[in-house]
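Peer 1: My structure file run-v3.cif, mmCIF, N, CA and C atoms, is below:
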```cif
data_coords
loop_
_atom_site.label_atom_id
_atom_site.label_comp_id
_atom_site.auth_asym_id
_atom_site.auth_seq_id
_atom_site.Cartn_x
_atom_site.Cartn_y
_atom_site.Cartn_z
N MET A 1 -9.05 -9.62 7.67
CA MET A 1 -8.35 -8.89 8.70
C MET A 1 -8.72 -7.42 8.60
N LEU A 2 -9.10 -6.84 9.70
CA LEU A 2 -9.44 -5.43 9.74
C LEU A 2 -8.28 -4.62 10.30
N LEU A 3 -8.03 -3.49 9.69
CA LEU A 3 -6.99 -2.59 10.15
C LEU A 3 -7.61 -1.26 10.54
N ARG A 4 -7.03 -0.63 11.53
CA ARG A 4 -7.46 0.72 11.86
C ARG A 4 -6.96 1.66 10.78
N PHE A 5 -7.83 2.56 10.35
CA PHE A 5 -7.49 3.49 9.28
C PHE A 5 -6.28 4.35 9.69
N GLU A 6 -6.17 4.65 10.98
CA GLU A 6 -5.08 5.48 11.47
C GLU A 6 -3.71 4.81 11.32
N SER A 7 -3.70 3.48 11.20
CA SER A 7 -2.43 2.77 11.09
C SER A 7 -1.90 2.77 9.65
N LEU A 8 -2.74 3.18 8.69
CA LEU A 8 -2.32 3.23 7.30
C LEU A 8 -1.64 4.55 7.00
N LYS A 9 -0.79 4.53 6.00
CA LYS A 9 -0.07 5.73 5.60
C LYS A 9 -0.45 6.06 4.16
N ARG A 10 -0.84 7.30 3.93
CA ARG A 10 -1.22 7.70 2.57
C ARG A 10 0.02 8.16 1.82
N ILE A 11 0.22 7.55 0.66
CA ILE A 11 1.30 7.96 -0.24
C ILE A 11 0.67 8.12 -1.61
N GLY A 12 0.67 9.31 -2.12
CA GLY A 12 0.03 9.58 -3.40
C GLY A 12 -1.46 9.35 -3.30
N GLU A 13 -2.00 8.49 -4.15
CA GLU A 13 -3.43 8.20 -4.18
C GLU A 13 -3.80 6.93 -3.45
N VAL A 14 -2.83 6.24 -2.86
CA VAL A 14 -3.11 4.95 -2.22
C VAL A 14 -2.75 5.00 -0.74
N TYR A 15 -3.36 4.10 0.00
CA TYR A 15 -3.04 3.93 1.42
C TYR A 15 -2.29 2.62 1.56
N ILE A 16 -1.19 2.66 2.29
CA ILE A 16 -0.39 1.45 2.49
C ILE A 16 -0.27 1.16 3.97
N ASN A 17 -0.01 -0.10 4.26
CA ASN A 17 0.30 -0.51 5.63
C ASN A 17 1.81 -0.57 5.74
N PRO A 18 2.44 0.33 6.48
CA PRO A 18 3.90 0.35 6.56
C PRO A 18 4.50 -0.97 7.05
N LYS A 19 3.73 -1.76 7.78
CA LYS A 19 4.24 -3.04 8.29
C LYS A 19 4.40 -4.08 7.18
N ASN A 20 3.80 -3.85 6.01
CA ASN A 20 3.89 -4.81 4.91
C ASN A 20 5.20 -4.71 4.14
N PHE A 21 6.00 -3.68 4.40
CA PHE A 21 7.18 -3.43 3.61
C PHE A 21 8.46 -3.78 4.35
N LYS A 22 9.36 -4.47 3.66
CA LYS A 22 10.71 -4.68 4.21
C LYS A 22 11.49 -3.38 4.09
N THR A 23 11.30 -2.68 2.97
CA THR A 23 11.93 -1.39 2.69
C THR A 23 10.85 -0.46 2.17
N MET A 24 10.81 0.76 2.65
CA MET A 24 9.81 1.71 2.17
C MET A 24 10.16 2.17 0.77
N PRO A 25 9.17 2.20 -0.14
CA PRO A 25 9.43 2.67 -1.50
C PRO A 25 9.72 4.17 -1.51
N LEU A 26 10.58 4.58 -2.41
CA LEU A 26 10.94 5.99 -2.50
C LEU A 26 9.88 6.80 -3.23
N PHE A 27 9.16 6.17 -4.12
CA PHE A 27 8.15 6.88 -4.88
C PHE A 27 6.88 6.05 -5.00
N LEU A 28 5.77 6.64 -4.78
CA LEU A 28 4.46 6.05 -5.04
C LEU A 28 3.51 7.20 -5.33
N LYS A 29 2.98 7.24 -6.54
CA LYS A 29 2.03 8.29 -6.88
C LYS A 29 0.63 7.71 -7.13
N THR A 30 0.58 6.60 -7.83
CA THR A 30 -0.71 5.97 -8.14
C THR A 30 -0.64 4.49 -7.79
N TRP A 31 -1.78 3.82 -7.91
CA TRP A 31 -1.84 2.39 -7.62
C TRP A 31 -1.00 1.60 -8.62
N ARG A 32 -0.80 2.14 -9.83
CA ARG A 32 0.04 1.43 -10.81
C ARG A 32 1.49 1.38 -10.35
N ASP A 33 1.96 2.46 -9.71
CA ASP A 33 3.31 2.44 -9.14
C ASP A 33 3.42 1.38 -8.06
N LEU A 34 2.36 1.25 -7.27
CA LEU A 34 2.35 0.26 -6.20
C LEU A 34 2.40 -1.16 -6.77
N LEU A 35 1.64 -1.41 -7.83
CA LEU A 35 1.61 -2.75 -8.42
C LEU A 35 2.91 -3.09 -9.14
N SER A 36 3.72 -2.10 -9.46
CA SER A 36 4.98 -2.38 -10.16
C SER A 36 6.14 -2.65 -9.20
N LEU A 37 5.88 -2.63 -7.90
CA LEU A 37 6.95 -2.87 -6.93
C LEU A 37 7.44 -4.31 -7.00
N ASP A 38 8.72 -4.49 -6.80
CA ASP A 38 9.35 -5.81 -6.81
C ASP A 38 9.15 -6.49 -5.46
N GLU A 39 8.56 -7.67 -5.45
CA GLU A 39 8.27 -8.36 -4.19
C GLU A 39 9.53 -8.80 -3.45
N LYS A 40 10.60 -9.09 -4.17
CA LYS A 40 11.84 -9.48 -3.51
C LYS A 40 12.43 -8.33 -2.70
N THR A 41 12.31 -7.13 -3.23
CA THR A 41 12.88 -5.95 -2.56
C THR A 41 11.97 -5.43 -1.46
N TYR A 42 10.68 -5.33 -1.74
CA TYR A 42 9.76 -4.65 -0.83
C TYR A 42 8.95 -5.59 0.06
N GLY A 43 8.86 -6.87 -0.29
CA GLY A 43 8.14 -7.84 0.52
C GLY A 43 6.95 -8.43 -0.22
N ILE A 44 6.48 -9.56 0.27
CA ILE A 44 5.40 -10.30 -0.38
C ILE A 44 4.10 -9.51 -0.38
N TYR A 45 3.80 -8.80 0.71
CA TYR A 45 2.52 -8.10 0.84
C TYR A 45 2.61 -6.64 0.43
N ALA A 46 3.69 -6.25 -0.22
CA ALA A 46 3.88 -4.84 -0.59
C ALA A 46 2.80 -4.34 -1.55
N LYS A 47 2.25 -5.22 -2.37
CA LYS A 47 1.29 -4.80 -3.38
C LYS A 47 -0.15 -4.75 -2.87
N THR A 48 -0.33 -4.88 -1.59
CA THR A 48 -1.67 -4.83 -1.01
C THR A 48 -2.19 -3.40 -1.03
N ILE A 49 -3.39 -3.21 -1.57
CA ILE A 49 -3.99 -1.88 -1.68
C ILE A 49 -5.12 -1.75 -0.67
N TYR A 50 -5.17 -0.63 -0.01
CA TYR A 50 -6.26 -0.32 0.92
C TYR A 50 -7.04 0.84 0.33
N ASN A 51 -8.24 0.57 -0.08
CA ASN A 51 -9.07 1.58 -0.73
C ASN A 51 -10.18 2.01 0.22
N PRO A 52 -10.14 3.24 0.72
CA PRO A 52 -11.16 3.67 1.68
C PRO A 52 -12.55 3.79 1.08
N ARG A 53 -12.66 3.82 -0.23
CA ARG A 53 -13.98 3.93 -0.88
C ARG A 53 -14.65 2.59 -1.07
N LYS A 54 -13.90 1.50 -0.90
CA LYS A 54 -14.46 0.16 -1.10
C LYS A 54 -15.22 -0.27 0.15
N ASP A 55 -16.41 -0.79 -0.06
CA ASP A 55 -17.21 -1.30 1.05
C ASP A 55 -16.86 -2.75 1.30
N PHE A 56 -16.63 -3.10 2.55
CA PHE A 56 -16.30 -4.48 2.89
C PHE A 56 -17.47 -5.14 3.54
#
```
Reformat the file's structure so that it appears as structure tokens.
Peer 2:
Amino acid sequence: MLLRFESLKRIGEVYINPKNFKTMPLFLKTWRDLLSLDEKTYGIYAKTIYNPRKDF
């Protein structure tokens, strides 16, 4: 699935898709913070990382 870069939101060092979250996280600084999110609270796809440097 391709997403428009403009639809992503940058928080800290990572880009997130706001549509993936049931509740927006209060803090995100690095990808490790993103991976530590609870899926029950934030949603199943909350841990999805969008890396603009990665070639698809």
Peer 1: List, as number ranges by chain, every residue that the PyMOL selection byres (((chain A and resi 27-33 and name CA) around 8) and name CA) selects in the file provided.
Peer 2: A: 11-14, 25-26, 34-37, 49
Peer 1: Could you name the residues that touch Thr23 in chain A at 6 Å or less, counting all atoms listed in the file, but leaving out those on the same chain fewer than 3 positions away, as a list in words?
Peer 2: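 Contacts, in chain order: Thr41, Tyr42 and Gly43 of chain A.
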Peer 1: Report as a list in words: the residues of chain A with a DSSP assignment of strand (DSSP E), based on the backbone of this structure.
Peer 2: Lys9, Arg10, Ile11, Val14, Tyr15 and Ile16 of chain A
Peer 1: Give me, please, the distance in Å between atom N of Asn17 in chain A and CA of Thr48 in chain A, quoted to one decimal.
Peer 2: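 Separation between atom N of Asn17 in chain A and CA of Thr48 in chain A: 7.3 Å.
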Peer 1: Name the residues captured by the PyMOL selection byres (((chain A and resi 20 and name CA) around 7) and name CA) when it is applied to the shown file; answer as a list in words.
Peer 2: Asn17, Pro18, Lys19, Phe21, Lys22, Gly43, Tyr45 and Ala46 of chain A
Peer 1: Mind pulling up the distance from CA of Tyr15 in chain A to atom C of Leu3 in chain A?
Peer 2: 11.4 Å
Peer 1: Could you tell me how far atom N of Phe5 in chain A lies from atom C of Lys47 in chain A, in Å and to one decimal?
Peer 2: 16.9 Å
Peer 1: Report the residues of chain A whose backbone DSSP state falls under helix (DSSP H, G or I), written as a PDB file with N, CA and C atoms, keeping the file's coordinate frame.
Peer 2:
```
ATOM      1  N   PHE A   5      -7.830   2.560  10.350  1.00  0.00           N
ATOM      2  CA  PHE A   5      -7.490   3.490   9.280  1.00  0.00           C
ATOM      3  C   PHE A   5      -6.280   4.350   9.690  1.00  0.00           C
ATOM      4  N   GLU A   6      -6.170   4.650  10.980  1.00  0.00           N
ATOM      5  CA  GLU A   6      -5.080   5.480  11.470  1.00  0.00           C
ATOM      6  C   GLU A   6      -3.710   4.810  11.320  1.00  0.00           C
ATOM      7  N   SER A   7      -3.700   3.480  11.200  1.00  0.00           N
ATOM      8  CA  SER A   7      -2.430   2.770  11.090  1.00  0.00           C
ATOM      9  C   SER A   7      -1.900   2.770   9.650  1.00  0.00           C
ATOM     10  N   PRO A  18       2.440   0.330   6.480  1.00  0.00           N
ATOM     11  CA  PRO A  18       3.900   0.350   6.560  1.00  0.00           C
ATOM     12  C   PRO A  18       4.500  -0.970   7.050  1.00  0.00           C
ATOM     13  N   LYS A  19       3.730  -1.760   7.780  1.00  0.00           N
ATOM     14  CA  LYS A  19       4.240  -3.040   8.290  1.00  0.00           C
ATOM     15  C   LYS A  19       4.400  -4.080   7.180  1.00  0.00           C
ATOM     16  N   ASN A  20       3.800  -3.850   6.010  1.00  0.00           N
ATOM     17  CA  ASN A  20       3.890  -4.810   4.910  1.00  0.00           C
ATOM     18  C   ASN A  20       5.200  -4.710   4.140  1.00  0.00           C
ATOM     19  N   TRP A  31      -1.780   3.820  -7.910  1.00  0.00           N
ATOM     20  CA  TRP A  31      -1.840   2.390  -7.620  1.00  0.00           C
ATOM     21  C   TRP A  31      -1.000   1.600  -8.620  1.00  0.00           C
ATOM     22  N   ARG A  32      -0.800   2.140  -9.830  1.00  0.00           N
ATOM     23  CA  ARG A  32       0.040   1.430 -10.810  1.00  0.00           C
ATOM     24  C   ARG A  32       1.490   1.380 -10.350  1.00  0.00           C
ATOM     25  N   ASP A  33       1.960   2.460  -9.710  1.00  0.00           N
ATOM     26  CA  ASP A  33       3.310   2.440  -9.140  1.00  0.00           C
ATOM     27  C   ASP A  33       3.420   1.380  -8.060  1.00  0.00           C
ATOM     28  N   LEU A  34       2.360   1.250  -7.270  1.00  0.00           N
ATOM     29  CA  LEU A  34       2.350   0.260  -6.200  1.00  0.00           C
ATOM     30  C   LEU A  34       2.400  -1.160  -6.770  1.00  0.00           C
ATOM     31  N   LEU A  35       1.640  -1.410  -7.830  1.00  0.00           N
ATOM     32  CA  LEU A  35       1.610  -2.750  -8.420  1.00  0.00           C
ATOM     33  C   LEU A  35       2.910  -3.090  -9.140  1.00  0.00           C
ATOM     34  N   GLU A  39       8.560  -7.670  -5.450  1.00  0.00           N
ATOM     35  CA  GLU A  39       8.270  -8.360  -4.190  1.00  0.00           C
ATOM     36  C   GLU A  39       9.530  -8.800  -3.450  1.00  0.00           C
ATOM     37  N   LYS A  40      10.600  -9.090  -4.170  1.00  0.00           N
ATOM     38  CA  LYS A  40      11.840  -9.480  -3.510  1.00  0.00           C
ATOM     39  C   LYS A  40      12.430  -8.330  -2.700  1.00  0.00           C
ATOM     40  N   THR A  41      12.310  -7.130  -3.230  1.00  0.00           N
ATOM     41  CA  THR A  41      12.880  -5.950  -2.560  1.00  0.00           C
ATOM     42  C   THR A  41      11.970  -5.430  -1.460  1.00  0.00           C
ATOM     43  N   TYR A  42      10.680  -5.330  -1.740  1.00  0.00           N
ATOM     44  CA  TYR A  42       9.760  -4.650  -0.830  1.00  0.00           C
ATOM     45  C   TYR A  42       8.950  -5.590   0.060  1.00  0.00           C
TER      46      TYR A  42
END
```
Peer 1: My structure is short of atoms at range 10-29 of chain A; please model N, CA, C and O atoms there, returning them as a PDB file, keeping the file's coordinate frame.
Peer 2:
```pdb
ATOM      1  N   ARG A  10      -0.840   7.300   3.930  1.00  0.00           N
ATOM      2  CA  ARG A  10      -1.220   7.700   2.570  1.00  0.00           C
ATOM      3  C   ARG A  10       0.020   8.160   1.820  1.00  0.00           C
ATOM      4  O   ARG A  10       0.761   9.021   2.277  1.00  0.00           O
ATOM      5  N   ILE A  11       0.220   7.550   0.660  1.00  0.00           N
ATOM      6  CA  ILE A  11       1.300   7.960  -0.240  1.00  0.00           C
ATOM      7  C   ILE A  11       0.670   8.120  -1.610  1.00  0.00           C
ATOM      8  O   ILE A  11       0.185   7.153  -2.192  1.00  0.00           O
ATOM      9  N   GLY A  12       0.670   9.310  -2.120  1.00  0.00           N
ATOM     10  CA  GLY A  12       0.030   9.580  -3.400  1.00  0.00           C
ATOM     11  C   GLY A  12      -1.460   9.350  -3.300  1.00  0.00           C
ATOM     12  O   GLY A  12      -2.113   9.904  -2.422  1.00  0.00           O
ATOM     13  N   GLU A  13      -2.000   8.490  -4.150  1.00  0.00           N
ATOM     14  CA  GLU A  13      -3.430   8.200  -4.180  1.00  0.00           C
ATOM     15  C   GLU A  13      -3.800   6.930  -3.450  1.00  0.00           C
ATOM     16  O   GLU A  13      -4.961   6.533  -3.458  1.00  0.00           O
ATOM     17  N   VAL A  14      -2.830   6.240  -2.860  1.00  0.00           N
ATOM     18  CA  VAL A  14      -3.110   4.950  -2.220  1.00  0.00           C
ATOM     19  C   VAL A  14      -2.750   5.000  -0.740  1.00  0.00           C
ATOM     20  O   VAL A  14      -1.954   5.821  -0.302  1.00  0.00           O
ATOM     21  N   TYR A  15      -3.360   4.100   0.000  1.00  0.00           N
ATOM     22  CA  TYR A  15      -3.040   3.930   1.420  1.00  0.00           C
ATOM     23  C   TYR A  15      -2.290   2.620   1.560  1.00  0.00           C
ATOM     24  O   TYR A  15      -2.701   1.606   1.017  1.00  0.00           O
ATOM     25  N   ILE A  16      -1.190   2.660   2.290  1.00  0.00           N
ATOM     26  CA  ILE A  16      -0.390   1.450   2.490  1.00  0.00           C
ATOM     27  C   ILE A  16      -0.270   1.160   3.970  1.00  0.00           C
ATOM     28  O   ILE A  16      -0.434   2.037   4.810  1.00  0.00           O
ATOM     29  N   ASN A  17      -0.010  -0.100   4.260  1.00  0.00           N
ATOM     30  CA  ASN A  17       0.300  -0.510   5.630  1.00  0.00           C
ATOM     31  C   ASN A  17       1.810  -0.570   5.740  1.00  0.00           C
ATOM     32  O   ASN A  17       2.441  -1.428   5.123  1.00  0.00           O
ATOM     33  N   PRO A  18       2.440   0.330   6.480  1.00  0.00           N
ATOM     34  CA  PRO A  18       3.900   0.350   6.560  1.00  0.00           C
ATOM     35  C   PRO A  18       4.500  -0.970   7.050  1.00  0.00           C
ATOM     36  O   PRO A  18       5.650  -1.271   6.738  1.00  0.00           O
ATOM     37  N   LYS A  19       3.730  -1.760   7.780  1.00  0.00           N
ATOM     38  CA  LYS A  19       4.240  -3.040   8.290  1.00  0.00           C
ATOM     39  C   LYS A  19       4.400  -4.080   7.180  1.00  0.00           C
ATOM     40  O   LYS A  19       5.039  -5.097   7.390  1.00  0.00           O
ATOM     41  N   ASN A  20       3.800  -3.850   6.010  1.00  0.00           N
ATOM     42  CA  ASN A  20       3.890  -4.810   4.910  1.00  0.00           C
ATOM     43  C   ASN A  20       5.200  -4.710   4.140  1.00  0.00           C
ATOM     44  O   ASN A  20       5.473  -5.545   3.297  1.00  0.00           O
ATOM     45  N   PHE A  21       6.000  -3.680   4.400  1.00  0.00           N
ATOM     46  CA  PHE A  21       7.180  -3.430   3.610  1.00  0.00           C
ATOM     47  C   PHE A  21       8.460  -3.780   4.350  1.00  0.00           C
ATOM     48  O   PHE A  21       8.620  -3.439   5.516  1.00  0.00           O
ATOM     49  N   LYS A  22       9.360  -4.470   3.660  1.00  0.00           N
ATOM     50  CA  LYS A  22      10.710  -4.680   4.210  1.00  0.00           C
ATOM     51  C   LYS A  22      11.490  -3.380   4.090  1.00  0.00           C
ATOM     52  O   LYS A  22      12.249  -3.021   4.960  1.00  0.00           O
ATOM     53  N   THR A  23      11.300  -2.680   2.970  1.00  0.00           N
ATOM     54  CA  THR A  23      11.930  -1.390   2.690  1.00  0.00           C
ATOM     55  C   THR A  23      10.850  -0.460   2.170  1.00  0.00           C
ATOM     56  O   THR A  23      10.059  -0.856   1.320  1.00  0.00           O
ATOM     57  N   MET A  24      10.810   0.760   2.650  1.00  0.00           N
ATOM     58  CA  MET A  24       9.810   1.710   2.170  1.00  0.00           C
ATOM     59  C   MET A  24      10.160   2.170   0.770  1.00  0.00           C
ATOM     60  O   MET A  24      11.309   2.495   0.486  1.00  0.00           O
ATOM     61  N   PRO A  25       9.170   2.200  -0.140  1.00  0.00           N
ATOM     62  CA  PRO A  25       9.430   2.670  -1.500  1.00  0.00           C
ATOM     63  C   PRO A  25       9.720   4.170  -1.510  1.00  0.00           C
ATOM     64  O   PRO A  25       9.167   4.921  -0.720  1.00  0.00           O
ATOM     65  N   LEU A  26      10.580   4.580  -2.410  1.00  0.00           N
ATOM     66  CA  LEU A  26      10.940   5.990  -2.500  1.00  0.00           C
ATOM     67  C   LEU A  26       9.880   6.800  -3.230  1.00  0.00           C
ATOM     68  O   LEU A  26       9.758   7.994  -3.010  1.00  0.00           O
ATOM     69  N   PHE A  27       9.160   6.170  -4.120  1.00  0.00           N
ATOM     70  CA  PHE A  27       8.150   6.880  -4.880  1.00  0.00           C
ATOM     71  C   PHE A  27       6.880   6.050  -5.000  1.00  0.00           C
ATOM     72  O   PHE A  27       6.937   4.863  -5.240  1.00  0.00           O
ATOM     73  N   LEU A  28       5.770   6.640  -4.780  1.00  0.00           N
ATOM     74  CA  LEU A  28       4.460   6.050  -5.040  1.00  0.00           C
ATOM     75  C   LEU A  28       3.510   7.200  -5.330  1.00  0.00           C
ATOM     76  O   LEU A  28       3.295   8.051  -4.480  1.00  0.00           O
ATOM     77  N   LYS A  29       2.980   7.240  -6.540  1.00  0.00           N
ATOM     78  CA  LYS A  29       2.030   8.290  -6.880  1.00  0.00           C
ATOM     79  C   LYS A  29       0.630   7.710  -7.130  1.00  0.00           C
ATOM     80  O   LYS A  29      -0.352   8.263  -6.687  1.00  0.00           O
TER      81      LYS A  29
END
```
